[in-house]
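This report refers to the structure that appears directly beneath it.
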Amino acid sequence: MTAVAISTMSLIPKPGEVMLYISLHEIENLTPVEVLDLARSLGFKPELRTRTWQQEGETKVGLYAMLHYERRDPKAGLEPDFLDTELEALHEQISPGVAVRFAYRLQQGRLDAA
């Protein structure tokens, strides 16, 4: 059996970071394996990530599939159609759609969008 490395992640991008990820623990209509297979069929190479946080005195753990990550010059922008086709395909097949997140932090860009 091959060990799988799982990295931790922050949901808030640092300056210059661009991320497309799926919150696997939020999905209602597919299993995590089905989501990973869907991502691969769209040409992604998903990497598993985790995040822990405190909520009402309890430690919560989230499991994520990082589909796209890159660092850019924070002063640069994104192409108008950057990942549009892939985002639409994910939103059509994953419920709830807010489990699919596209976040970036560029000087002329948004911080987070579902």
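Starting from 1 in every chain, residues are counted up; chains themselves are A, B, ... following the order of the structure tokens, and ligands are numbered from 1 as listed.
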
Distance table requested - stretch 60-94 of chain A against stretch 17-38 of chain A, cut-off 9 Å, only C-alpha atoms: one row per qualifying residue with the closest atom pair and its distance in Å to one decimal, ordered by chain and rising residue number, as JSON lines.
```
{"residue": "A:Val61", "atom": "CA", "partner": "A:His25", "partner_atom": "CA", "distance": 8.8}
{"residue": "A:Gly62", "atom": "CA", "partner": "A:His25", "partner_atom": "CA", "distance": 6.0}
{"residue": "A:Leu63", "atom": "CA", "partner": "A:Leu24", "partner_atom": "CA", "distance": 5.5}
{"residue": "A:Tyr64", "atom": "CA", "partner": "A:Ser23", "partner_atom": "CA", "distance": 4.6}
{"residue": "A:Ala65", "atom": "CA", "partner": "A:Ile22", "partner_atom": "CA", "distance": 5.2}
{"residue": "A:Met66", "atom": "CA", "partner": "A:Tyr21", "partner_atom": "CA", "distance": 4.4}
{"residue": "A:Leu67", "atom": "CA", "partner": "A:Tyr21", "partner_atom": "CA", "distance": 5.3}
{"residue": "A:His68", "atom": "CA", "partner": "A:Leu20", "partner_atom": "CA", "distance": 4.9}
{"residue": "A:Tyr69", "atom": "CA", "partner": "A:Met19", "partner_atom": "CA", "distance": 4.6}
{"residue": "A:Glu70", "atom": "CA", "partner": "A:Val18", "partner_atom": "CA", "distance": 5.3}
{"residue": "A:Arg71", "atom": "CA", "partner": "A:Glu17", "partner_atom": "CA", "distance": 4.6}
{"residue": "A:Arg72", "atom": "CA", "partner": "A:Glu17", "partner_atom": "CA", "distance": 6.3}
{"residue": "A:Asp73", "atom": "CA", "partner": "A:Glu17", "partner_atom": "CA", "distance": 8.6}
{"residue": "A:Pro74", "atom": "CA", "partner": "A:Glu17", "partner_atom": "CA", "distance": 7.8}
{"residue": "A:Leu83", "atom": "CA", "partner": "A:Leu20", "partner_atom": "CA", "distance": 8.8}
{"residue": "A:Leu87", "atom": "CA", "partner": "A:Leu20", "partner_atom": "CA", "distance": 8.7}
{"residue": "A:Leu90", "atom": "CA", "partner": "A:Leu38", "partner_atom": "CA", "distance": 8.1}
{"residue": "A:Gln93", "atom": "CA", "partner": "A:Asn29", "partner_atom": "CA", "distance": 8.5}
{"residue": "A:Ile94", "atom": "CA", "partner": "A:Asn29", "partner_atom": "CA", "distance": 6.7}
```

TODO: Could you pull out the residues in chain A that DSSP calls strand (DSSP E) from the backbone, as a VMD selection string?
DONE: chain A and resid 7 to 8 17 to 23 47 to 55 58 to 71 100 to 104

Those same residues - C-alpha atoms - I'd like them written as a short mmCIF file (atom, residue, chain, number, x, y, z; two decimals), in the first residue's frame.
```cif
data_model
loop_
_atom_site.label_atom_id
_atom_site.label_comp_id
_atom_site.auth_asym_id
_atom_site.auth_seq_id
_atom_site.Cartn_x
_atom_site.Cartn_y
_atom_site.Cartn_z
CA SER A 7 -0.46 18.83 3.31
CA THR A 8 -2.13 21.47 5.43
CA GLU A 17 -1.49 33.09 -4.69
CA VAL A 18 -4.17 31.63 -6.97
CA MET A 19 -6.07 28.53 -5.75
CA LEU A 20 -8.91 26.38 -7.01
CA TYR A 21 -9.99 23.81 -4.46
CA ILE A 22 -12.94 21.71 -3.36
CA SER A 23 -14.09 21.31 0.22
CA GLU A 47 -3.71 17.02 -4.09
CA LEU A 48 -5.30 16.32 -0.71
CA ARG A 49 -5.03 19.03 1.94
CA THR A 50 -6.39 19.44 5.46
CA ARG A 51 -7.20 22.37 7.68
CA THR A 52 -8.13 22.47 11.35
CA TRP A 53 -10.07 25.18 13.17
CA GLN A 54 -11.93 25.79 16.40
CA GLN A 55 -15.71 26.09 16.36
CA GLU A 58 -14.45 21.91 19.33
CA THR A 59 -11.59 21.19 16.94
CA LYS A 60 -12.90 20.67 13.41
CA VAL A 61 -10.99 19.10 10.52
CA GLY A 62 -11.70 19.77 6.86
CA LEU A 63 -10.52 17.72 3.90
CA TYR A 64 -9.83 19.55 0.63
CA ALA A 65 -8.77 18.70 -2.91
CA MET A 66 -6.40 21.34 -4.27
CA LEU A 67 -6.95 21.36 -8.02
CA HIS A 68 -4.90 24.36 -9.06
CA TYR A 69 -2.28 26.36 -7.19
CA GLU A 70 0.12 28.94 -8.50
CA ARG A 71 2.03 32.00 -7.39
CA VAL A 100 -15.99 24.58 -5.14
CA ARG A 101 -13.83 27.57 -4.32
CA PHE A 102 -11.67 29.81 -6.45
CA ALA A 103 -9.58 32.14 -4.33
CA TYR A 104 -6.81 34.51 -5.24
#
```

Open item on the list: I need the residue nearest A:Arg105 from this list: A:Phe44, A:Glu56, A:Lys75, A:Thr85. Use only C-alpha atoms for the distance.
Closed with: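 Smallest separation from A:Arg105 among the options: A:Lys75.
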
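The shortest atom-to-atom distance to A:Ala39, with only C-alpha atoms taken into account, belongs to A:His91 out of A:Leu106, A:Val98, A:Ala76, A:His91.
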
Task: Coordinates-based distance that separates atom CA of A:Gln107 from atom CA of A:Gly43 (Å, one decimal) - done: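 It comes out at 28.3 Å.
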